[in-house]
Every structure is written in C-alpha cells, then in structure tokens.
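Asker: Dumping the structure here so I can ask a few things about it.
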Amino acid sequence: MDKARKISTYLIIAVAFGFSVYFFISPFLGSEDQTSLIPNINQNPDSISTLTNDVDTCVTNPTSDCDQEMLQIKKFCNDNKDQHIPVCSDPRVPQYVDQRGLERPAINTGK
C-alpha cells in the first residue's frame with residue numbers, strides 16, 4: 001500500500017471515529033434542562049395557545065397521552081410558580097389530574 005493511500009484510509013477512520021464519539025457524547029453536552037417536554041413558554045408565545053388548545057382537547061377527550069401531558073403541565077406550573085403563565089392559572093389542569101386519579105400513591109408495588 002502506498003503512503004498516500006494509507007494516509008487517506010487513516011483519515012477516513014479518524015473522521016468516522018470522531019463522528020461516533022460526538023454522537024455518543026453530544027446528548028450530555030447540552031446545557032439546557034432536557035427533562036421537561038414542555039417548551040419554554042417565555043421564549044415562544046405560540047406555545048401558550050398550543051398548551052391551551054391541548055388542555056381543551058384533553059378535557060373533552062381524555063386519553064393516556066393527555067394524562068401524561070397534564071401531569072407535565074402541572075409539574076411545570078409547580079416548578080415555575082413565581083412566573084405569570086396563563087395556562088398555570090387554568091383550574092381545569094389540576095381538576096383533570098384529580099378526576100383521573102393521576103397522582104394517587106402506588107399501593108403494593110412489591111418493593
């Protein structure tokens with residue numbers, strides 16, 4: 001194998017290795033809190049109407065996806081009590097969570 005071919009082969013291997021390492025490590029490099037699936041309401045005014053529409057839809061037609069979303073909205077509102085967020089003042093969110101029994105403690109989990 002000639003010298004130019006060896007260098008190009010090693011270069012391709014190094015680039016592939018670099019991309020592999022980057023894709024494995026990149027989720028841990030973000031400085032944003034990625035645990036919450038609710039968008040940052042203060043940065044995106046359109047999300048307020050989206051959340052309000054989601055609450056309307058979930059109240060009229062409850063599903064398991066709605067259960068998860070309403071729990072996330074309630075948690076988000078509890079975490080951001082000091083901010084004035086319109087969807088957090090909607091009484092239907094805690095009412096939905098209470099009526100569906102989503103925050104009941106687990107009984108006999110076997111642990």
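Identifiers in this document derive from the order of the structure tokens: chains are assigned A, B, ..., residues are numbered from 1 separately in each chain, and ligands are numbered from 1 in order of occurrence.
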Where does DSSP see helix (DSSP H, G or I) in stretch 41-102 of chain A, if you list the residues as a ChimeraX atom specification?
Answerer: /A:46-60,64-79,86-89,92-100
Asker: Which value, in Å to one decimal, gives the distance between atom CA of A:Lys75 and atom CA of A:Phe24?
Answerer: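 That distance, rounded to one decimal, is 29.6 Å.
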Asker: At what distance in Å, to one decimal, does atom CA of A:Phe76 lie from atom CA of A:Cys88?
Answerer: 8.5 Å
Asker: For A:Gln95, which residue among A:Val21, A:Cys77, A:Met70, A:Ile7 is the nearest when counting only C-alpha atoms?
Answerer: A:Met70
